[in-house]
file my_file.tsv (TSV, C-alpha atoms and all ligand atoms)
chain	number	residue	atom	x	y	z
A	4	MET	CA	-128.34	4.99	113.72
A	5	LYS	CA	-125.32	7.15	114.53
A	6	LEU	CA	-125.56	10.93	114.46
A	7	ALA	CA	-123.15	11.55	111.53
A	8	ARG	CA	-124.94	8.98	109.35
A	9	TYR	CA	-128.36	10.41	110.27
A	10	LEU	CA	-127.37	13.95	109.27
A	11	SER	CA	-125.59	12.73	106.17
A	12	ASN	CA	-128.76	10.90	105.07
A	13	LEU	CA	-130.62	14.19	105.47
A	14	GLY	CA	-128.25	15.80	102.96
A	15	TYR	CA	-126.15	17.86	105.38
A	16	GLY	CA	-122.87	16.55	103.93
A	17	THR	CA	-120.78	13.43	103.64
A	18	LYS	CA	-120.01	11.49	106.80
A	19	ARG	CA	-116.52	13.00	106.75
A	20	GLU	CA	-117.91	16.54	106.36
A	21	LEU	CA	-120.22	15.94	109.28
A	22	GLU	CA	-117.38	14.71	111.42
A	23	ARG	CA	-115.63	18.00	110.69
A	24	MET	CA	-118.78	19.97	111.51
A	25	LEU	CA	-119.02	18.12	114.82
A	26	GLU	CA	-115.36	18.93	115.58
A	27	SER	CA	-115.96	22.60	114.83
A	28	GLN	CA	-118.99	22.65	117.16
A	29	GLN	CA	-121.55	23.37	114.44
A	30	ILE	CA	-123.95	20.66	115.62
A	31	THR	CA	-125.80	21.42	118.81
A	32	LEU	CA	-129.03	20.86	120.67
A	33	ALA	CA	-131.70	23.56	120.92
A	34	ASP	CA	-130.38	24.55	124.38
A	35	GLY	CA	-126.88	25.13	122.95
A	36	THR	CA	-125.30	21.87	124.14
A	37	VAL	CA	-122.49	21.10	121.70
A	38	LEU	CA	-122.46	17.59	120.22
A	39	ARG	CA	-119.01	16.23	119.41
A	40	ASP	CA	-119.33	12.49	118.93
A	41	SER	CA	-120.25	11.34	115.41
A	42	ALA	CA	-120.97	7.84	116.73
A	43	GLN	CA	-123.42	8.98	119.39
A	44	SER	CA	-127.05	7.98	118.99
A	45	VAL	CA	-129.44	10.48	117.45
A	46	PRO	CA	-131.13	12.91	119.84
A	47	PRO	CA	-134.79	13.81	119.10
A	48	HIS	CA	-134.95	15.35	115.60
A	49	SER	CA	-136.70	18.49	116.84
A	50	GLU	CA	-133.87	19.14	119.33
A	51	LEU	CA	-131.04	19.06	116.80
A	52	ARG	CA	-129.52	22.21	115.31
A	53	VAL	CA	-127.01	22.56	112.45
A	54	MET	CA	-125.26	25.92	112.60
A	55	GLY	CA	-127.99	27.03	114.98
A	56	LYS	CA	-130.83	26.15	112.61
A	57	PRO	CA	-133.53	23.49	113.11
A	58	LEU	CA	-133.28	20.52	110.76
A	59	ASP	CA	-135.22	19.90	107.56
A	60	PRO	CA	-138.23	17.62	108.03
A	61	PRO	CA	-137.33	14.18	109.42
A	62	PRO	CA	-137.11	11.05	107.25
A	63	GLY	CA	-140.50	10.04	105.88
A	64	ALA	CA	-141.61	13.59	105.10
A	65	VAL	CA	-144.02	14.69	102.37
A	66	ILE	CA	-143.50	18.08	100.72
A	67	LEU	CA	-146.02	20.00	98.63
A	68	LEU	CA	-144.63	22.33	95.93
A	69	HIS	CA	-146.66	24.74	93.80
A	70	LYS	CA	-144.83	24.15	90.53
A	71	PRO	CA	-144.40	27.09	88.14
A	72	PRO	CA	-144.33	26.57	84.36
A	73	GLY	CA	-141.03	25.85	82.59
A	74	MET	CA	-139.52	23.57	85.23
A	75	VAL	CA	-138.95	19.86	84.82
A	76	CYS	CA	-139.49	17.03	87.32
A	77	SER	CA	-136.01	15.56	87.05
A	78	THR	CA	-132.67	15.70	88.82
A	79	GLU	CA	-130.86	16.65	85.59
A	80	ASP	CA	-131.97	18.58	82.53
A	81	GLN	CA	-131.10	21.61	80.45
A	82	ASN	CA	-134.28	23.30	81.70
A	83	PRO	CA	-134.64	24.62	85.22
A	84	LEU	CA	-135.52	21.84	87.67
A	85	VAL	CA	-138.27	21.67	90.28
A	86	TYR	CA	-135.43	20.90	92.71
A	87	ASP	CA	-134.13	24.45	92.15
A	88	LEU	CA	-137.06	25.64	94.29
A	89	LEU	CA	-136.23	23.39	97.27
A	90	PRO	CA	-133.24	23.33	99.61
A	91	SER	CA	-130.40	21.58	97.71
A	92	ARG	CA	-130.18	19.10	100.60
A	93	PHE	CA	-133.48	17.56	99.45
A	94	ARG	CA	-131.73	16.18	96.37
A	95	ASP	CA	-128.82	14.95	98.46
A	96	ARG	CA	-130.93	13.06	100.97
A	97	SER	CA	-130.71	9.30	101.12
A	98	PRO	CA	-133.27	8.23	100.15
A	99	ILE	CA	-133.76	11.24	97.87
A	100	MET	CA	-136.86	13.40	98.18
A	101	SER	CA	-138.53	12.17	94.97
A	102	PRO	CA	-141.37	13.75	93.06
A	103	VAL	CA	-144.58	11.72	93.35
A	104	GLY	CA	-145.17	11.16	89.64
A	105	ARG	CA	-144.46	13.97	87.24
A	106	LEU	CA	-145.98	17.09	85.81
A	107	ASP	CA	-145.01	18.16	82.28
A	108	ARG	CA	-142.59	21.05	82.01
A	109	ASP	CA	-145.37	23.52	81.29
A	110	THR	CA	-147.98	22.12	83.66
A	111	THR	CA	-148.30	24.13	86.86
A	112	GLY	CA	-149.66	23.29	90.29
A	113	LEU	CA	-149.53	20.68	92.97
A	114	LEU	CA	-146.51	18.41	93.06
A	115	LEU	CA	-145.74	16.21	96.04
A	116	PHE	CA	-142.30	14.92	97.01
A	117	THR	CA	-141.42	12.25	99.52
A	118	ASP	CA	-138.46	10.23	100.77
A	119	ASP	CA	-140.82	7.52	102.06
A	120	GLY	CA	-140.34	4.76	99.48
A	121	GLN	CA	-143.37	2.79	100.56
A	122	LEU	CA	-145.67	5.79	100.35
A	123	LEU	CA	-144.14	6.77	97.00
A	124	HIS	CA	-144.94	3.32	95.69
A	125	ARG	CA	-148.49	3.41	97.04
A	126	LEU	CA	-149.08	6.80	95.42
A	127	THR	CA	-147.54	6.07	92.02
A	128	SER	CA	-148.39	2.42	91.48
A	129	PRO	CA	-150.80	1.81	88.57
A	130	LYS	CA	-153.03	0.21	91.22
A	131	SER	CA	-153.33	3.55	93.00
A	132	HIS	CA	-156.50	5.23	91.83
A	133	LEU	CA	-156.26	8.39	93.85
A	134	PRO	CA	-158.16	11.20	92.09
A	135	LYS	CA	-156.01	13.98	90.63
A	136	ARG	CA	-157.78	17.18	89.63
A	137	TYR	CA	-156.72	19.53	86.84
A	138	VAL	CA	-157.95	22.75	85.26
A	139	ALA	CA	-157.34	22.86	81.52
A	140	HIS	CA	-157.48	25.98	79.34
A	141	LEU	CA	-158.40	24.88	75.85
A	142	ALA	CA	-157.81	26.17	72.33
A	143	GLU	CA	-161.39	25.42	71.20
A	144	SER	CA	-164.84	25.23	72.75
A	145	LEU	CA	-165.46	21.71	74.00
A	146	ARG	CA	-167.42	19.18	72.04
A	147	ASP	CA	-170.88	18.73	73.59
A	148	ASP	CA	-170.31	15.05	74.31
A	149	ALA	CA	-166.79	15.41	75.79
A	150	ALA	CA	-167.92	14.77	79.40
A	151	GLU	CA	-169.80	11.69	78.26
A	152	VAL	CA	-166.80	10.40	76.31
A	153	PHE	CA	-164.48	10.90	79.31
A	154	ALA	CA	-166.97	9.17	81.63
A	155	THR	CA	-167.43	6.02	79.55
A	156	GLY	CA	-164.29	4.16	80.53
A	157	THR	CA	-163.81	3.25	76.87
A	158	LEU	CA	-161.68	6.15	75.63
A	159	MET	CA	-158.55	4.76	74.00
A	160	LEU	CA	-155.52	7.03	73.67
A	161	THR	CA	-153.35	6.82	70.56
A	162	GLY	CA	-150.72	4.10	70.89
A	163	GLU	CA	-152.32	2.46	73.94
A	164	THR	CA	-153.94	-0.93	74.26
A	165	THR	CA	-156.20	-0.45	77.27
A	166	PRO	CA	-158.94	2.16	77.56
A	167	LEU	CA	-158.79	4.91	80.17
A	168	LEU	CA	-160.73	4.58	83.37
A	169	PRO	CA	-163.76	6.88	83.60
A	170	ALA	CA	-162.85	10.51	84.26
A	171	THR	CA	-165.07	13.40	85.24
A	172	LEU	CA	-165.25	16.63	83.28
A	173	GLU	CA	-166.88	19.86	84.38
A	174	LEU	CA	-167.12	22.90	82.13
A	175	LEU	CA	-166.14	26.06	84.04
A	176	GLU	CA	-166.14	28.43	81.05
A	177	PRO	CA	-166.60	27.72	77.33
A	178	ARG	CA	-162.88	26.93	76.99
A	179	VAL	CA	-161.96	26.08	80.57
A	180	ALA	CA	-162.65	22.64	82.03
A	181	ARG	CA	-161.98	20.86	85.29
A	182	VAL	CA	-161.07	17.22	84.86
A	183	THR	CA	-160.47	14.54	87.48
A	184	ILE	CA	-158.57	11.40	86.58
A	185	THR	CA	-157.64	8.35	88.65
A	186	GLU	CA	-154.62	7.20	86.65
A	187	GLY	CA	-151.31	8.75	85.70
A	188	ARG	CA	-150.56	7.87	82.09
A	189	TYR	CA	-148.03	9.79	80.05
A	190	HIS	CA	-149.35	13.30	79.17
A	191	GLN	CA	-152.75	11.86	80.01
A	192	VAL	CA	-154.85	15.01	80.28
A	193	ARG	CA	-153.39	16.64	77.17
A	194	ARG	CA	-153.93	13.42	75.20
A	195	MET	CA	-157.51	13.07	76.47
A	196	PHE	CA	-158.41	16.51	75.13
A	197	ALA	CA	-156.58	15.74	71.88
A	198	ALA	CA	-158.74	12.61	71.60
A	199	VAL	CA	-161.87	14.81	71.55
A	200	GLY	CA	-160.39	17.16	68.95
A	201	ASN	CA	-159.13	19.88	71.27
A	202	HIS	CA	-155.79	21.24	72.44
A	203	VAL	CA	-154.69	22.12	75.98
A	204	ARG	CA	-153.11	25.57	76.12
A	205	MET	CA	-152.54	25.64	79.89
A	206	LEU	CA	-152.79	22.88	82.45
A	207	HIS	CA	-152.83	23.25	86.21
A	208	ARG	CA	-153.22	20.57	88.92
A	209	ASP	CA	-155.02	21.90	91.97
A	210	ALA	CA	-155.69	18.71	93.96
A	211	PHE	CA	-154.04	15.37	94.57
A	212	GLY	CA	-156.43	13.15	96.52
A	213	PRO	CA	-157.44	15.15	99.61
A	214	ILE	CA	-154.48	17.55	99.33
A	215	THR	CA	-155.03	20.95	97.69
A	216	LEU	CA	-152.81	23.92	96.89
A	217	ASP	CA	-154.75	26.28	99.14
A	218	GLY	CA	-152.54	29.06	100.43
A	219	VAL	CA	-149.32	27.93	98.70
A	220	ARG	CA	-148.23	30.44	96.09
A	221	GLU	CA	-146.49	29.55	92.84
A	222	GLY	CA	-142.86	28.61	93.50
A	223	GLU	CA	-143.48	28.03	97.22
A	224	TRP	CA	-143.51	24.78	99.17
A	225	ARG	CA	-144.49	23.43	102.57
A	226	VAL	CA	-144.29	20.23	104.57
A	227	LEU	CA	-147.52	18.22	104.93
A	228	SER	CA	-148.74	17.80	108.50
A	229	THR	CA	-149.14	14.39	110.11
A	230	SER	CA	-152.90	14.60	109.69
A	231	GLU	CA	-152.57	15.49	106.00
A	232	ARG	CA	-150.30	12.46	105.54
A	233	GLU	CA	-152.83	10.33	107.31
A	234	SER	CA	-155.58	11.70	105.05
A	235	LEU	CA	-153.48	10.62	102.04
A	236	ASN	CA	-153.26	7.07	103.40
A	237	VAL	CA	-157.00	6.97	104.05
A	238	ALA	CA	-157.67	8.27	100.52
A	239	ILE	CA	-155.37	5.65	98.94
A	240	GLU	CA	-157.32	2.88	100.67
A	241	ALA	CA	-160.68	4.43	99.78
A	242	ALA	CA	-159.67	4.79	96.11
A	243	ARG	CA	-158.54	1.16	95.99
A	244	ALA	CA	-161.79	-0.03	97.56
A	245	THR	CA	-163.86	2.02	95.11
A	246	ARG	CA	-161.92	0.60	92.16
A	247	ALA	CA	-162.25	-2.96	93.48
A	248	SER	CA	-166.01	-2.60	93.94
A	249	ARG	CA	-166.40	-1.27	90.36
A	250	LYS	CA	-164.47	-4.24	89.02
A	251	ALA	CA	-166.52	-6.80	90.98
A	252	PRO	CA	-169.21	-8.56	88.88
A	301	LIG	N1	-151.55	15.15	82.24
A	301	LIG	C1	-150.80	15.83	81.35
A	301	LIG	O1	-151.06	15.79	80.16
A	301	LIG	N2	-149.76	16.53	81.81
A	301	LIG	C2	-149.43	16.63	83.12
A	301	LIG	O2	-148.47	17.31	83.47
A	301	LIG	C3	-150.23	15.91	84.03
A	301	LIG	C4	-151.28	15.17	83.56
call {"tool": "encode", "arguments": {"input": "my_file.tsv", "output": "structure tokens", "more": "lines below"}}
Ligand code: URA
result
Amino acid sequence: MKLARYLSNLGYGTKRELERMLESQQITLADGTVLRDSAQSVPPHSELRVMGKPLDPPPGAVILLHKPPGMVCSTEDQNPLVYDLLPSRFRDRSPIMSPVGRLDRDTTGLLLFTDDGQLLHRLTSPKSHLPKRYVAHLAESLRDDAAEVFATGTLMLTGETTPLLPATLELLEPRVARVTITEGRYHQVRRMFAAVGNHVRMLHRDAFGPITLDGVREGEWRVLSTSERESLNVAIEAARATRASRKAP
């Protein structure tokens, strides 16, 4: 790929804008060497500088955001967007840095983004059974049999035709529960608690497969390391194998 196209795909501007930036010596290497030729091949990503600054993560990155309440997982809405918390270039990348699934507007916590289409598919496909862990603050004390009901694999949500897969429920306080699900149906956790006669007042996701929010404060984000990405891939395979073995006669 040519340099101008590479930088354009990372959201640094149109090809024409990048040609102008190259002409005005705004694209350099770490040692200060000025790059002028938009058609030149791409130097190592870590060596490139735009206006003296290192580049955003290279194509194929995974970002972790600690989502605050009141923001929507969309590129357009009347409410504030999760993209408002990230560099605007992330929305302009090609492919775009997409959220991995969605959290409701008022759900807080761990939201991944990636521009790796294959990984996005593996993480969001209905065949992906990666565990996702939530803490729910409830309006009422939980029914005694709620954990049993969630674990059966027979719970049917209103308007659906297939029962939910088994989910685990742990009571942390009389009205605070930790729940782990392996699917991603619409408003799933809120609807599960509604199905056992309760109401979720606050919902927070603190883990997505092996990835946790540890150390990332609300509104902040970071790039996953190569080993964290690898751990996601391992977890996807493990979750698929577990699901397949449960299905086997
Ligand atoms: N389940 C919900 O009900 N809401 C979310 O945001 C995520 C899971």
call {"tool": "residues_around", "arguments": {"input": "my_file.tsv", "residues": "A:Asp118", "least_positions_apart": "3", "cutoff": "7 Å", "atoms": "only C-alpha atoms", "output": "ChimeraX atom specification"}}
result
/A:62-64,98-101
call {"tool": "residues_near_ligand", "arguments": {"input": "my_file.tsv", "ligand": "ligand LIG 301 (chain A)", "cutoff": "8 Å", "atoms": "all atoms listed in the file", "output": "list in words"}}
result
Arg105, Leu106, Asp107, Arg108, Asp109, Thr110, Thr111, Tyr137, Gly187, Arg188, Tyr189, His190, Gln191, Val192, Arg193, Arg194, Met195, Leu206, His207 and Arg208 of chain A
call {"tool": "closest_residue", "arguments": {"input": "my_file.tsv", "among": "A:Ala197, A:Val152, A:Val138, A:Cys76", "to": "A:Arg178", "atoms": "all atoms listed in the file"}}
result
A:Val138
call {"tool": "residues_around", "arguments": {"input": "my_file.tsv", "residues": "A:Val85", "least_positions_apart": "6", "cutoff": "12 Å", "atoms": "only C-alpha atoms", "output": "PyMOL selection string"}}
result
chain A and resi 67-79+91+93-94+100-102+105-116+221-224
call {"tool": "atom_distance", "arguments": {"input": "my_file.tsv", "atom1": "atom CA of A:Leu122", "atom2": "atom CA of A:Asp80"}}
result
25.9 Å
call {"tool": "atom_distance", "arguments": {"input": "my_file.tsv", "atom1": "atom CA of A:Pro46", "atom2": "atom CA of A:Leu89"}}
result
25.4 Å
call {"tool": "residues_around", "arguments": {"input": "my_file.tsv", "residues": "A:Phe211", "least_positions_apart": "4", "cutoff": "7 Å", "atoms": "all atoms listed in the file", "output": "PyMOL selection string"}}
result
chain A and resi 134-136+215
call {"tool": "residues_near_point", "arguments": {"input": "my_file.tsv", "point": "(-147.8, 1.4, 93.8)", "cutoff": "12 Å", "atoms": "only C-alpha atoms", "output": "ChimeraX atom specification"}}
result
/A:103-104,120-133,186-187,239-240,243
call {"tool": "write_last_selection", "arguments": {"input": "my_file.tsv", "atoms": "C-alpha atoms", "output": "compact mmCIF listing (two decimals), keeping the file's coordinate frame"}}
result
# COMPACT_ATOMS: atom_id res chain seq x y z
CA VAL A 103 -144.58 11.72 93.35
CA GLY A 104 -145.17 11.16 89.64
CA GLY A 120 -140.34 4.76 99.48
CA GLN A 121 -143.37 2.79 100.56
CA LEU A 122 -145.67 5.79 100.35
CA LEU A 123 -144.14 6.77 97.00
CA HIS A 124 -144.94 3.32 95.69
CA ARG A 125 -148.49 3.41 97.04
CA LEU A 126 -149.08 6.80 95.42
CA THR A 127 -147.54 6.07 92.02
CA SER A 128 -148.39 2.42 91.48
CA PRO A 129 -150.80 1.81 88.57
CA LYS A 130 -153.03 0.21 91.22
CA SER A 131 -153.33 3.55 93.00
CA HIS A 132 -156.50 5.23 91.83
CA LEU A 133 -156.26 8.39 93.85
CA GLU A 186 -154.62 7.20 86.65
CA GLY A 187 -151.31 8.75 85.70
CA ILE A 239 -155.37 5.65 98.94
CA GLU A 240 -157.32 2.88 100.67
CA ARG A 243 -158.54 1.16 95.99
call {"tool": "build_atoms", "arguments": {"input": "my_file.tsv", "residues": "stretch 132-154 of chain A", "atoms": "N, CA, C and O atoms", "output": "PDB file, in the coordinates of the input"}}
result
ATOM      1  N   HIS A 132    -155.505   4.520  92.642  1.00  0.00           N
ATOM      2  CA  HIS A 132    -156.500   5.230  91.830  1.00  0.00           C
ATOM      3  C   HIS A 132    -156.939   6.513  92.512  1.00  0.00           C
ATOM      4  O   HIS A 132    -158.092   6.920  92.436  1.00  0.00           O
ATOM      5  N   LEU A 133    -155.982   7.132  93.176  1.00  0.00           N
ATOM      6  CA  LEU A 133    -156.260   8.390  93.850  1.00  0.00           C
ATOM      7  C   LEU A 133    -156.666   9.456  92.823  1.00  0.00           C
ATOM      8  O   LEU A 133    -155.982   9.613  91.812  1.00  0.00           O
ATOM      9  N   PRO A 134    -157.755  10.180  93.070  1.00  0.00           N
ATOM     10  CA  PRO A 134    -158.160  11.200  92.090  1.00  0.00           C
ATOM     11  C   PRO A 134    -157.155  12.361  92.041  1.00  0.00           C
ATOM     12  O   PRO A 134    -156.669  12.801  93.078  1.00  0.00           O
ATOM     13  N   LYS A 135    -156.865  12.814  90.831  1.00  0.00           N
ATOM     14  CA  LYS A 135    -156.010  13.980  90.630  1.00  0.00           C
ATOM     15  C   LYS A 135    -156.805  14.971  89.804  1.00  0.00           C
ATOM     16  O   LYS A 135    -157.364  14.595  88.772  1.00  0.00           O
ATOM     17  N   ARG A 136    -156.876  16.216  90.272  1.00  0.00           N
ATOM     18  CA  ARG A 136    -157.780  17.180  89.630  1.00  0.00           C
ATOM     19  C   ARG A 136    -156.994  18.281  88.906  1.00  0.00           C
ATOM     20  O   ARG A 136    -156.052  18.839  89.476  1.00  0.00           O
ATOM     21  N   TYR A 137    -157.412  18.557  87.690  1.00  0.00           N
ATOM     22  CA  TYR A 137    -156.720  19.530  86.840  1.00  0.00           C
ATOM     23  C   TYR A 137    -157.700  20.568  86.299  1.00  0.00           C
ATOM     24  O   TYR A 137    -158.873  20.254  86.093  1.00  0.00           O
ATOM     25  N   VAL A 138    -157.181  21.763  86.023  1.00  0.00           N
ATOM     26  CA  VAL A 138    -157.950  22.750  85.260  1.00  0.00           C
ATOM     27  C   VAL A 138    -157.212  22.952  83.940  1.00  0.00           C
ATOM     28  O   VAL A 138    -155.997  23.226  83.939  1.00  0.00           O
ATOM     29  N   ALA A 139    -157.946  22.761  82.850  1.00  0.00           N
ATOM     30  CA  ALA A 139    -157.340  22.860  81.520  1.00  0.00           C
ATOM     31  C   ALA A 139    -157.927  24.056  80.778  1.00  0.00           C
ATOM     32  O   ALA A 139    -159.152  24.222  80.728  1.00  0.00           O
ATOM     33  N   HIS A 140    -157.048  24.891  80.219  1.00  0.00           N
ATOM     34  CA  HIS A 140    -157.480  25.980  79.340  1.00  0.00           C
ATOM     35  C   HIS A 140    -157.291  25.487  77.913  1.00  0.00           C
ATOM     36  O   HIS A 140    -156.198  25.046  77.547  1.00  0.00           O
ATOM     37  N   LEU A 141    -158.367  25.562  77.148  1.00  0.00           N
ATOM     38  CA  LEU A 141    -158.400  24.880  75.850  1.00  0.00           C
ATOM     39  C   LEU A 141    -158.362  25.858  74.675  1.00  0.00           C
ATOM     40  O   LEU A 141    -158.780  27.018  74.808  1.00  0.00           O
ATOM     41  N   ALA A 142    -157.892  25.349  73.543  1.00  0.00           N
ATOM     42  CA  ALA A 142    -157.810  26.170  72.330  1.00  0.00           C
ATOM     43  C   ALA A 142    -159.190  26.376  71.708  1.00  0.00           C
ATOM     44  O   ALA A 142    -159.457  27.403  71.082  1.00  0.00           O
ATOM     45  N   GLU A 143    -160.068  25.384  71.859  1.00  0.00           N
ATOM     46  CA  GLU A 143    -161.390  25.420  71.200  1.00  0.00           C
ATOM     47  C   GLU A 143    -162.475  25.209  72.245  1.00  0.00           C
ATOM     48  O   GLU A 143    -162.202  24.648  73.306  1.00  0.00           O
ATOM     49  N   SER A 144    -163.717  25.578  71.874  1.00  0.00           N
ATOM     50  CA  SER A 144    -164.840  25.230  72.750  1.00  0.00           C
ATOM     51  C   SER A 144    -164.965  23.714  72.746  1.00  0.00           C
ATOM     52  O   SER A 144    -164.704  23.067  71.719  1.00  0.00           O
ATOM     53  N   LEU A 145    -165.395  23.174  73.886  1.00  0.00           N
ATOM     54  CA  LEU A 145    -165.460  21.710  74.000  1.00  0.00           C
ATOM     55  C   LEU A 145    -166.614  21.104  73.216  1.00  0.00           C
ATOM     56  O   LEU A 145    -167.695  21.684  73.162  1.00  0.00           O
ATOM     57  N   ARG A 146    -166.351  19.963  72.658  1.00  0.00           N
ATOM     58  CA  ARG A 146    -167.420  19.180  72.040  1.00  0.00           C
ATOM     59  C   ARG A 146    -168.509  18.912  73.070  1.00  0.00           C
ATOM     60  O   ARG A 146    -168.190  18.635  74.225  1.00  0.00           O
ATOM     61  N   ASP A 147    -169.773  18.911  72.637  1.00  0.00           N
ATOM     62  CA  ASP A 147    -170.880  18.730  73.590  1.00  0.00           C
ATOM     63  C   ASP A 147    -170.804  17.416  74.347  1.00  0.00           C
ATOM     64  O   ASP A 147    -171.233  17.318  75.488  1.00  0.00           O
ATOM     65  N   ASP A 148    -170.284  16.370  73.667  1.00  0.00           N
ATOM     66  CA  ASP A 148    -170.310  15.050  74.310  1.00  0.00           C
ATOM     67  C   ASP A 148    -168.989  14.717  75.034  1.00  0.00           C
ATOM     68  O   ASP A 148    -168.777  13.571  75.427  1.00  0.00           O
ATOM     69  N   ALA A 149    -168.112  15.715  75.223  1.00  0.00           N
ATOM     70  CA  ALA A 149    -166.790  15.410  75.790  1.00  0.00           C
ATOM     71  C   ALA A 149    -166.905  14.770  77.190  1.00  0.00           C
ATOM     72  O   ALA A 149    -166.220  13.779  77.485  1.00  0.00           O
ATOM     73  N   ALA A 150    -167.794  15.318  78.031  1.00  0.00           N
ATOM     74  CA  ALA A 150    -167.920  14.770  79.400  1.00  0.00           C
ATOM     75  C   ALA A 150    -168.369  13.319  79.340  1.00  0.00           C
ATOM     76  O   ALA A 150    -167.891  12.464  80.097  1.00  0.00           O
ATOM     77  N   GLU A 151    -169.295  13.065  78.427  1.00  0.00           N
ATOM     78  CA  GLU A 151    -169.800  11.690  78.260  1.00  0.00           C
ATOM     79  C   GLU A 151    -168.678  10.747  77.803  1.00  0.00           C
ATOM     80  O   GLU A 151    -168.517   9.647  78.326  1.00  0.00           O
ATOM     81  N   VAL A 152    -167.900  11.221  76.834  1.00  0.00           N
ATOM     82  CA  VAL A 152    -166.800  10.400  76.310  1.00  0.00           C
ATOM     83  C   VAL A 152    -165.795  10.086  77.425  1.00  0.00           C
ATOM     84  O   VAL A 152    -165.367   8.947  77.599  1.00  0.00           O
ATOM     85  N   PHE A 153    -165.445  11.103  78.222  1.00  0.00           N
ATOM     86  CA  PHE A 153    -164.480  10.900  79.310  1.00  0.00           C
ATOM     87  C   PHE A 153    -165.029   9.935  80.365  1.00  0.00           C
ATOM     88  O   PHE A 153    -164.278   9.203  81.001  1.00  0.00           O
ATOM     89  N   ALA A 154    -166.356   9.967  80.547  1.00  0.00           N
ATOM     90  CA  ALA A 154    -166.970   9.170  81.630  1.00  0.00           C
ATOM     91  C   ALA A 154    -167.172   7.707  81.260  1.00  0.00           C
ATOM     92  O   ALA A 154    -167.417   6.872  82.130  1.00  0.00           O
TER      93      ALA A 154
END
